[in-house]
Every structure is written in structure tokens, then in C-alpha cells.
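Reproduced below: protein08.tsv, with TSV, C-alpha atoms.
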```
chain	number	residue	atom	x	y	z
A	565	MET	CA	32.33	8.74	-15.96
A	566	GLY	CA	30.68	11.57	-17.86
A	567	LYS	CA	28.23	12.23	-20.65
A	568	GLY	CA	28.75	8.74	-22.04
A	569	SER	CA	27.71	7.18	-18.73
A	570	PHE	CA	24.70	9.48	-18.55
A	571	LYS	CA	23.60	8.41	-22.03
A	572	GLN	CA	24.07	4.76	-21.08
A	573	CYS	CA	21.75	5.27	-18.10
A	574	LEU	CA	19.10	6.75	-20.36
A	575	SER	CA	19.56	3.95	-22.87
A	576	PHE	CA	19.20	1.29	-20.16
A	577	ASN	CA	16.12	3.09	-18.85
A	578	ASP	CA	14.49	2.99	-22.29
A	579	ALA	CA	15.39	-0.68	-22.72
A	580	LEU	CA	13.93	-1.48	-19.31
A	581	ILE	CA	10.65	0.21	-20.21
A	582	ARG	CA	10.41	-1.78	-23.45
A	583	PHE	CA	11.27	-5.02	-21.63
A	584	SER	CA	8.57	-4.44	-19.03
A	585	ARG	CA	5.97	-3.29	-21.55
A	586	ASP	CA	6.51	-6.31	-23.80
A	587	HIS	CA	6.31	-8.67	-20.83
A	588	LEU	CA	3.12	-7.17	-19.40
A	589	ARG	CA	1.45	-7.11	-22.80
A	590	GLY	CA	2.35	-10.75	-23.34
A	591	GLU	CA	4.39	-9.95	-26.42
A	592	ALA	CA	7.62	-11.32	-24.98
A	593	ILE	CA	7.01	-13.22	-21.75
A	594	ALA	CA	10.08	-13.32	-19.50
A	595	PRO	CA	9.93	-16.49	-17.34
A	596	HIS	CA	12.02	-14.84	-14.61
A	597	TYR	CA	10.76	-11.30	-15.04
A	598	VAL	CA	11.01	-10.24	-11.38
A	599	SER	CA	14.41	-11.88	-10.96
A	600	TYR	CA	15.69	-9.90	-13.94
A	601	LEU	CA	14.37	-6.69	-12.40
A	602	LEU	CA	15.99	-7.42	-9.04
A	603	ALA	CA	19.30	-8.24	-10.71
A	604	ALA	CA	19.10	-4.94	-12.57
A	605	LEU	CA	18.34	-3.17	-9.29
A	606	ASN	CA	21.40	-4.71	-7.65
A	607	HIS	CA	23.54	-3.70	-10.60
A	608	GLN	CA	22.30	-0.11	-10.59
A	609	SER	CA	22.60	0.13	-6.81
A	610	ALA	CA	26.23	-1.01	-6.92
A	611	LEU	CA	26.97	1.38	-9.76
A	612	SER	CA	25.33	4.26	-7.92
A	613	SER	CA	27.39	3.66	-4.80
A	614	SER	CA	30.56	3.61	-6.92
A	615	VAL	CA	30.05	6.88	-8.77
A	616	SER	CA	32.12	8.94	-6.35
A	617	VAL	CA	34.93	6.36	-6.41
A	618	LEU	CA	34.98	6.25	-10.19
A	619	GLN	CA	35.07	10.02	-10.54
A	620	PRO	CA	38.27	10.96	-12.42
A	621	ASP	CA	40.77	13.28	-10.81
A	622	GLY	CA	40.33	16.88	-11.78
A	623	VAL	CA	36.61	16.61	-12.44
A	624	ALA	CA	34.70	19.43	-10.76
A	625	LEU	CA	32.69	18.54	-7.68
A	626	GLY	CA	29.09	17.91	-8.70
A	627	ALA	CA	29.92	17.24	-12.32
A	628	LEU	CA	28.53	13.72	-11.98
A	629	ALA	CA	25.29	14.87	-10.34
A	630	PRO	CA	23.26	14.17	-13.53
A	631	VAL	CA	24.60	10.61	-13.60
A	632	GLU	CA	23.77	10.07	-9.93
A	633	ALA	CA	20.28	11.50	-10.44
A	634	ALA	CA	19.71	9.27	-13.47
A	635	LEU	CA	20.82	6.19	-11.52
A	636	ASP	CA	18.55	7.07	-8.60
A	637	GLU	CA	15.58	7.53	-10.91
A	638	LEU	CA	16.38	4.25	-12.64
A	639	GLN	CA	16.38	2.43	-9.30
A	640	ARG	CA	13.02	3.96	-8.40
A	641	ARG	CA	11.61	2.89	-11.75
A	642	ILE	CA	12.80	-0.69	-11.23
A	643	CYS	CA	11.20	-0.73	-7.78
A	644	ARG	CA	7.91	0.48	-9.27
A	645	LEU	CA	8.00	-2.29	-11.86
A	646	VAL	CA	8.62	-4.90	-9.16
A	647	LEU	CA	5.71	-3.59	-7.10
A	648	GLU	CA	3.45	-3.55	-10.15
A	649	ALA	CA	4.22	-7.25	-10.59
A	650	LEU	CA	3.27	-7.88	-6.95
A	651	LEU	CA	0.08	-5.89	-7.41
A	652	LEU	CA	-0.95	-8.02	-10.38
A	653	GLU	CA	-0.66	-11.12	-8.20
A	654	LEU	CA	-2.59	-9.65	-5.28
A	655	GLN	CA	-5.51	-7.91	-6.96
A	656	PRO	CA	-7.51	-11.09	-7.70
A	657	LEU	CA	-7.13	-12.19	-4.06
A	658	PHE	CA	-8.58	-8.95	-2.72
A	659	ALA	CA	-11.58	-9.15	-5.05
A	660	THR	CA	-13.50	-11.13	-2.41
A	661	LEU	CA	-12.62	-8.96	0.59
A	662	PRO	CA	-14.60	-8.01	2.57
A	663	SER	CA	-17.28	-10.67	2.44
A	664	ARG	CA	-19.15	-12.95	4.80
A	665	HIS	CA	-16.62	-15.65	4.05
A	666	TRP	CA	-13.91	-13.19	5.17
A	667	LEU	CA	-15.81	-12.58	8.42
A	668	SER	CA	-15.69	-16.22	9.43
A	669	SER	CA	-12.42	-17.46	7.99
A	670	PRO	CA	-8.76	-16.35	7.81
A	671	GLU	CA	-8.43	-18.14	4.48
A	672	LEU	CA	-8.56	-15.01	2.31
A	673	LEU	CA	-5.74	-13.22	4.08
A	674	ASP	CA	-3.81	-16.47	4.44
A	675	ASP	CA	-3.71	-16.61	0.65
A	676	VAL	CA	-2.59	-12.98	0.45
A	677	CYS	CA	0.19	-13.57	2.98
A	678	GLU	CA	1.35	-16.76	1.32
A	679	ARG	CA	1.55	-15.11	-2.10
A	680	THR	CA	3.24	-12.01	-0.68
A	681	ALA	CA	5.80	-14.03	1.28
A	682	CYS	CA	6.68	-16.09	-1.78
A	683	PHE	CA	7.10	-12.94	-3.87
A	684	CYS	CA	9.07	-10.95	-1.29
A	685	ARG	CA	11.55	-13.71	-0.51
A	686	ASN	CA	13.15	-12.79	-3.82
A	687	PHE	CA	14.09	-9.46	-2.24
A	688	TRP	CA	16.69	-11.16	-0.06
A	689	ARG	CA	19.03	-11.05	-3.04
A	690	VAL	CA	18.86	-7.26	-3.04
A	691	ARG	CA	21.40	-5.12	-1.22
A	692	ASN	CA	20.44	-2.59	1.43
A	693	PRO	CA	19.08	0.05	1.46
A	694	ALA	CA	17.10	-1.08	-1.59
A	695	PHE	CA	16.05	-4.25	0.27
A	696	GLN	CA	14.33	-2.33	3.08
A	697	MET	CA	12.79	0.10	0.61
A	698	LEU	CA	11.31	-2.73	-1.46
A	699	LEU	CA	9.93	-4.48	1.62
A	700	ALA	CA	8.42	-1.25	2.94
A	701	GLU	CA	6.77	-0.52	-0.40
A	702	ALA	CA	5.52	-4.10	-0.68
A	703	GLU	CA	3.89	-3.88	2.76
A	704	ARG	CA	2.37	-0.54	1.81
A	705	THR	CA	1.06	-2.05	-1.43
A	706	VAL	CA	-0.67	-4.86	0.49
A	707	VAL	CA	-2.23	-2.41	2.97
A	708	LEU	CA	-3.40	-0.11	0.17
A	709	GLN	CA	-5.08	-3.05	-1.55
A	710	TYR	CA	-6.74	-3.99	1.74
A	711	LEU	CA	-8.02	-0.43	2.23
A	712	SER	CA	-9.22	-0.24	-1.36
A	713	ALA	CA	-11.16	-3.48	-0.88
A	714	LEU	CA	-12.81	-2.15	2.29
A	715	MET	CA	-13.96	0.93	0.39
A	716	GLN	CA	-15.80	-1.05	-2.29
A	717	ARG	CA	-18.92	-1.49	-0.14
A	718	ARG	CA	-19.08	-5.21	-0.85
A	719	LEU	CA	-20.28	-5.90	2.68
A	720	VAL	CA	-22.69	-4.25	5.10
A	721	CYS	CA	-22.84	-5.75	8.59
A	722	ARG	CA	-26.30	-6.99	9.51
A	723	GLY	CA	-25.98	-6.51	13.23
A	724	ALA	CA	-23.73	-6.22	16.26
A	725	GLU	CA	-22.48	-9.79	15.91
A	726	GLU	CA	-21.20	-9.20	12.38
A	727	ARG	CA	-19.64	-5.89	13.39
A	728	ASN	CA	-17.79	-7.68	16.17
A	729	GLN	CA	-16.70	-10.36	13.69
A	730	ALA	CA	-15.45	-7.73	11.25
A	731	ALA	CA	-13.55	-5.89	13.99
A	732	GLU	CA	-11.94	-9.11	15.20
A	733	ARG	CA	-11.04	-10.08	11.64
A	734	MET	CA	-9.35	-6.73	11.03
A	735	GLN	CA	-7.38	-7.07	14.25
A	736	HIS	CA	-6.33	-10.57	13.25
A	737	ASP	CA	-5.40	-9.39	9.75
A	738	ALA	CA	-3.31	-6.51	11.12
A	739	THR	CA	-1.43	-8.92	13.38
A	740	GLN	CA	-0.92	-11.39	10.56
A	741	LEU	CA	0.49	-8.72	8.25
A	742	ARG	CA	2.73	-7.41	11.02
A	743	ASN	CA	4.16	-10.86	11.67
A	744	LEU	CA	4.58	-11.57	7.97
A	745	PHE	CA	6.71	-8.50	7.30
A	746	LEU	CA	8.66	-8.80	10.53
A	747	ASP	CA	9.59	-12.32	9.46
A	748	LEU	CA	10.60	-10.98	6.06
A	749	GLY	CA	12.92	-8.48	7.75
A	750	LEU	CA	11.02	-5.19	7.58
A	751	GLU	CA	11.69	-2.76	10.40
A	752	GLU	CA	8.50	-2.36	12.43
A	753	SER	CA	8.81	1.43	12.59
A	754	VAL	CA	7.80	1.73	8.92
A	755	HIS	CA	4.82	-0.67	8.97
A	756	CYS	CA	1.53	0.65	7.57
A	757	ALA	CA	-0.70	-2.22	8.77
A	758	PRO	CA	-1.50	-0.53	12.14
A	759	VAL	CA	-4.01	1.61	10.21
A	760	LEU	CA	-6.25	-1.47	10.28
A	761	LEU	CA	-6.35	-1.30	14.08
A	762	THR	CA	-7.54	2.31	13.89
A	763	LEU	CA	-10.31	1.33	11.48
A	764	ARG	CA	-11.14	-1.60	13.71
A	765	ASN	CA	-11.84	0.86	16.56
A	766	LEU	CA	-14.23	2.80	14.33
A	767	LEU	CA	-16.01	-0.39	13.36
A	768	ASN	CA	-16.20	-1.74	16.90
A	769	LEU	CA	-17.54	1.44	18.51
A	770	HIS	CA	-20.70	0.67	20.51
A	771	ASP	CA	-21.71	4.20	21.53
A	772	LEU	CA	-22.61	6.01	18.31
A	773	THR	CA	-22.65	9.36	20.11
A	774	MET	CA	-18.85	9.00	20.16
A	775	LEU	CA	-18.66	8.47	16.40
A	776	GLY	CA	-17.56	12.04	15.70
A	777	LEU	CA	-14.67	11.74	18.15
A	778	GLU	CA	-13.57	8.47	16.57
A	779	VAL	CA	-13.64	10.00	13.09
A	780	ALA	CA	-11.72	13.04	14.35
A	781	SER	CA	-9.12	10.69	15.83
A	782	LEU	CA	-8.84	8.90	12.49
A	783	ARG	CA	-8.29	12.23	10.76
A	784	GLN	CA	-5.68	13.23	13.33
A	785	GLN	CA	-3.67	10.09	12.63
A	786	PHE	CA	-4.26	10.06	8.88
A	787	PRO	CA	-4.78	13.63	7.60
A	788	ASP	CA	-5.34	12.39	4.04
A	789	VAL	CA	-8.57	10.53	4.89
A	790	ASN	CA	-11.61	12.16	3.28
A	791	GLU	CA	-15.40	12.12	3.52
A	792	ASP	CA	-15.82	9.36	0.95
A	793	HIS	CA	-13.51	7.04	2.86
A	794	VAL	CA	-15.29	7.69	6.15
A	795	SER	CA	-18.70	7.25	4.53
A	796	ALA	CA	-17.68	3.88	3.10
A	797	LEU	CA	-16.45	2.73	6.52
A	798	LEU	CA	-19.73	3.82	8.10
A	799	ASP	CA	-21.59	1.85	5.43
A	800	LEU	CA	-19.62	-1.22	6.48
A	801	ARG	CA	-20.96	-0.78	10.03
A	802	GLY	CA	-24.53	-0.91	8.72
A	803	ASP	CA	-26.11	0.87	11.71
A	804	VAL	CA	-25.40	4.56	11.17
A	805	SER	CA	-28.36	6.82	10.45
A	806	ARG	CA	-28.19	9.68	7.99
A	807	GLU	CA	-28.07	12.24	10.80
A	808	GLN	CA	-25.30	10.36	12.62
A	809	ARG	CA	-23.36	10.03	9.37
A	810	LEU	CA	-23.57	13.76	8.64
A	811	ALA	CA	-22.53	14.62	12.18
A	812	ALA	CA	-19.56	12.24	12.06
A	813	ILE	CA	-18.39	13.46	8.66
A	814	SER	CA	-18.71	17.09	9.76
A	815	SER	CA	-16.02	16.38	12.36
A	816	LEU	CA	-13.56	16.14	9.47
A	817	GLN	CA	-13.97	19.88	8.90
A	818	ASP	CA	-13.89	20.87	12.57
A	819	GLY	CA	-10.74	22.55	13.78
A	820	PRO	CA	-7.49	23.20	11.92
A	821	GLN	CA	-6.22	20.75	9.36
A	822	PRO	CA	-3.83	18.40	11.20
A	823	SER	CA	-0.23	18.39	10.11
A	824	PRO	CA	1.22	15.08	8.92
A	825	LEU	CA	3.00	13.23	11.70
A	826	PRO	CA	6.78	12.82	11.41
A	827	GLY	CA	7.48	9.91	9.10
A	828	HIS	CA	3.84	9.83	7.95
A	829	ARG	CA	3.33	8.39	4.50
A	830	ALA	CA	0.20	8.91	2.44
A	831	LEU	CA	-2.27	6.05	2.51
A	832	PHE	CA	-5.87	7.15	2.04
A	833	SER	CA	-5.01	9.68	-0.66
A	834	LEU	CA	-3.80	6.70	-2.71
A	835	VAL	CA	-7.04	4.77	-2.17
A	836	PRO	CA	-9.56	5.47	-4.97
A	837	ALA	CA	-12.65	7.32	-3.82
A	838	PRO	CA	-15.37	4.69	-3.31
A	839	THR	CA	-18.48	4.70	-5.46
A	840	PRO	CA	-21.74	5.80	-3.83
A	841	ALA	CA	-23.58	3.01	-2.07
A	842	SER	CA	-26.77	1.66	-3.58
A	843	SER	CA	-29.97	1.85	-1.57
A	844	SER	CA	-29.94	-1.93	-1.09
A	845	CYS	CA	-26.46	-1.78	0.44
A	846	LEU	CA	-27.49	0.94	2.84
A	847	LEU	CA	-30.31	-1.30	3.97
A	848	GLY	CA	-27.82	-4.06	4.69
A	849	THR	CA	-28.82	-6.45	1.92
A	850	CYS	CA	-25.45	-6.65	0.15
A	851	ALA	CA	-23.71	-10.02	0.06
```
What would the structure in this file look like if it were written as C-alpha cells?
Amino acid sequence: MGKGSFKQCLSFNDALIRFSRDHLRGEAIAPHYVSYLLAALNHQSALSSSVSVLQPDGVALGALAPVEAALDELQRRICRLVLEALLLELQPLFATLPSRHWLSSPELLDDVCERTACFCRNFWRVRNPAFQMLLAEAERTVVLQYLSALMQRRLVCRGAEERNQAAERMQHDATQLRNLFLDLGLEESVHCAPVLLTLRNLLNLHDLTMLGLEVASLRQQFPDVNEDHVSALLDLRGDVSREQRLAAISSLQDGPQPSPLPGHRALFSLVPAPTPASSSCLLGTCA
């Protein structure tokens, strides 16, 4: 293996980009698009693990590093394309979350879990460690979509009963996502869904004088959360005054910036900053 192999990697990479672009644009629909991507991932994974074995005698140590790097990047690109396909399937489902229908029924997340399970079962054809990586990124994709939906200010709770409903729904959703990905084979240590339980605590808080402490705890666990995210979550509560909001948000600046926890992966920094709430939403009249 040498320069020729490196050029072949680049050529395959370019062909993969064209294949994906043509499919997503509808110019050349591939009926088994994701299956093709997963087969390519398996192929590249096997090739990557064989590089050291295929290295000719007499070749200097590290001479094949560019080939290995190109193969690694190619695998990451394939994974991104697979996750983009999952995202396209999930986005319409999250368009109605949160809502009053979501408060009273598990149907919305049931649909998300069913679609996700169907999609991710294809991953079982993929070798480890790519299998675990794909599952972890799929779970993270679902959680990021959930967080993004929460930030859209589609719902403002009208009272304590709805806040309790929302908190219970988030706890149920977190459990449902946990069980889904455990069943799919994802190691629990890398799950992102527990963030929903932390947000549930913020939503379910009864003593608003403790709001600053709850926000500080959220920041401690997720250092990438920002003022816009917290403000959107407080809007969802529907009972936080301007003064209480400012006091709670100010707790984000209090004290030293927390260091990311070991194994921490960015979540909130990947969630688009929510748009400012309209006056009607702040009054609790949103649907």
C-alpha cells in the first residue's frame, strides 16, 4: 500500500460525496441508500484494520499514516451521511413537540422510537467499534432533536398541573429512550438522554427561590448551556417573573466556569439558539 492506495481513498471519498449529493437532491434516488453506506463503512473499517498487515516489508514505520488518516476520515464521513439520513426521518416527527398533545399522550415519542429503532436495526450489520459509534451518535442525534424542539417555545404551561404533566412526560421520554437504545445494544455509559431528567427537575421545581441553584446545577453538569437555552426552558414553565428570570440567568455567570466532566460530550452548544419569545407566549397563550 502506498500513494496509489491513498489516491484510491480520495477517489472513493469524492465518489461517495457525489453519490450522497445526487441521492439527497433527488437526482439519482438510491432505493437502499443507507444499506449502501453501511456496506461501504464495513468495507472501509475492514481495510483500515488491515493496513498494518498489508504494509510491505522494508517500508518505514509511519509511511502509511496518510492512508490510515484518509481511511479514518472516510469512515467518519460515512457515519455523518448515515446520521443525516436519520435526521431527515426524525425532523418531521419533532415538529409537534412540545405541544398539549405531547403532554397527554406518549404517541409522539412512540413514533420517534419506532422510526429510530427501524433505522438503527440496520446497524447490526456493522462491525465494532463502528457499530457502537453509530448507535451512540444516533442516540445523541435523537436527544439533540428533542432539545431543539424544547427550545422552540411552542408550548407555555398554563399552570402547575401542566408543569407536572410536562415533567412527567420528560421523565417518561427519558426512560423510553434509555430502554430503546439499551435494547439496540448501546452501552449505557454513553447515553445522552439523562439530560432530560435534569431539565425535568428544572421544570418541576416548586420553590422558585431555588431556581438559581437549579440553573447553576444544570450549568455544572452541562457547561455548554447558555442564557438563551435557560430562558427558553423558563418560558416553558410559564410562571417565572422577569426578576426571577434575571436572577436565575445571572447564576450562569456566578463562580468559575465549570470544566467539562470526563467523557462529557457537547449537547447544548449544538442546539440552535432559540428565537426570542413573543409577548403572547410569555403570557401563556401559545398552543
- prompt: To one decimal place, how far is CA of Leu763 in chain A from CA of Glu725 in chain A in Å?
  reply: 17.1 Å
- request: Would you list the contacts of Pro656 in chain A as a PyMOL selection string, taking every protein, DNA or RNA residue within 12 Å and counting all atoms listed in the file, but skipping same-chain residues closer than 3 positions in sequence?
  value: chain A and resi 650-653+659-661+672+675-676+679+709-710+713
message: For a quick check of your reading of the model, name the residues lying within 10 Å of the coordinate (14.1, -2.8, -4.0), counting only C-alpha atoms, and write them as a PyMOL selection string.
response: chain A and resi 601-602+605-606+609+639-647+684+687-702
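Straight-line separation from CA of Arg742 in chain A to CA of Ala796 in chain A: 24.6 Å.
Of the residues listed (A:Leu775, A:Ala649, A:Leu810, A:Val804), A:Ala649 shows the shortest atom-to-atom separation from Tyr597 in chain A; distances use all atoms listed in the file.
The nearest approach to Arg718 in chain A among the residues A:Ser599, A:Ser663, A:Ser815, A:Thr773, with all atoms listed in the file taken into account, belongs to A:Ser663.
Comparing the minimum interatomic distances between Glu632 in chain A and each of A:Ser612, A:Gly749, A:Pro822, A:Pro662, counting all atoms listed in the file, we find that A:Ser612 sits nearest.
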task: Can you work out the spacing between CA of Glu678 in chain A and CA of Leu657 in chain A in Å, to one decimal?
output: 11.0 Å
message: Applying 10 Å and all atoms listed in the file, which residues near Gln735 in chain A remain after dropping the ones on its own chain fewer than 2 positions away? List them as a PyMOL selection string.
response: chain A and resi 729-733+737-740+757-758+760-765
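With only C-alpha atoms as the atoms that count, the minimum distance from Ile813 in chain A to the choices A:Pro838, A:Val794, A:Ala629, A:Leu800 is reached by A:Val794.
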Edge lengths and centre in Å, axis-aligned, range 702-720 of chain A plus 8 Å each side, as JSON:
```
{"center_x": -8.6, "center_y": -2.5, "center_z": 1.4, "size_x": 44.2, "size_y": 22.8, "size_z": 23.4}
```
Using only C-alpha atoms, find each residue of range 639-748 of chain A with at least one atom at most 12 Å away from an atom of range 787-792 of chain A; report its shortest atom-to-atom pair and that distance in Å (one decimal), sort the rows by chain and rising residue number, and return the result as a Markdown table.
```
| residue | atom | partner | partner_atom | distance |
| --- | --- | --- | --- | --- |
| A:Leu711 | CA | A:Val789 | CA | 11.3 |
| A:Ser712 | CA | A:Asp792 | CA | 11.9 |
| A:Leu714 | CA | A:Asp792 | CA | 12.0 |
| A:Met715 | CA | A:Asp792 | CA | 8.7 |
| A:Gln716 | CA | A:Asp792 | CA | 10.9 |
| A:Arg717 | CA | A:Asp792 | CA | 11.3 |
```
- request: Could you please give me, as a ChimeraX atom specification, the residues of protein, DNA or RNA lying at most 6 Å from (-16.9, -0.6, 10.2) in the coordinate frame of the file, considering all atoms listed in the file?
  value: /A:766-767,797-798,800-801
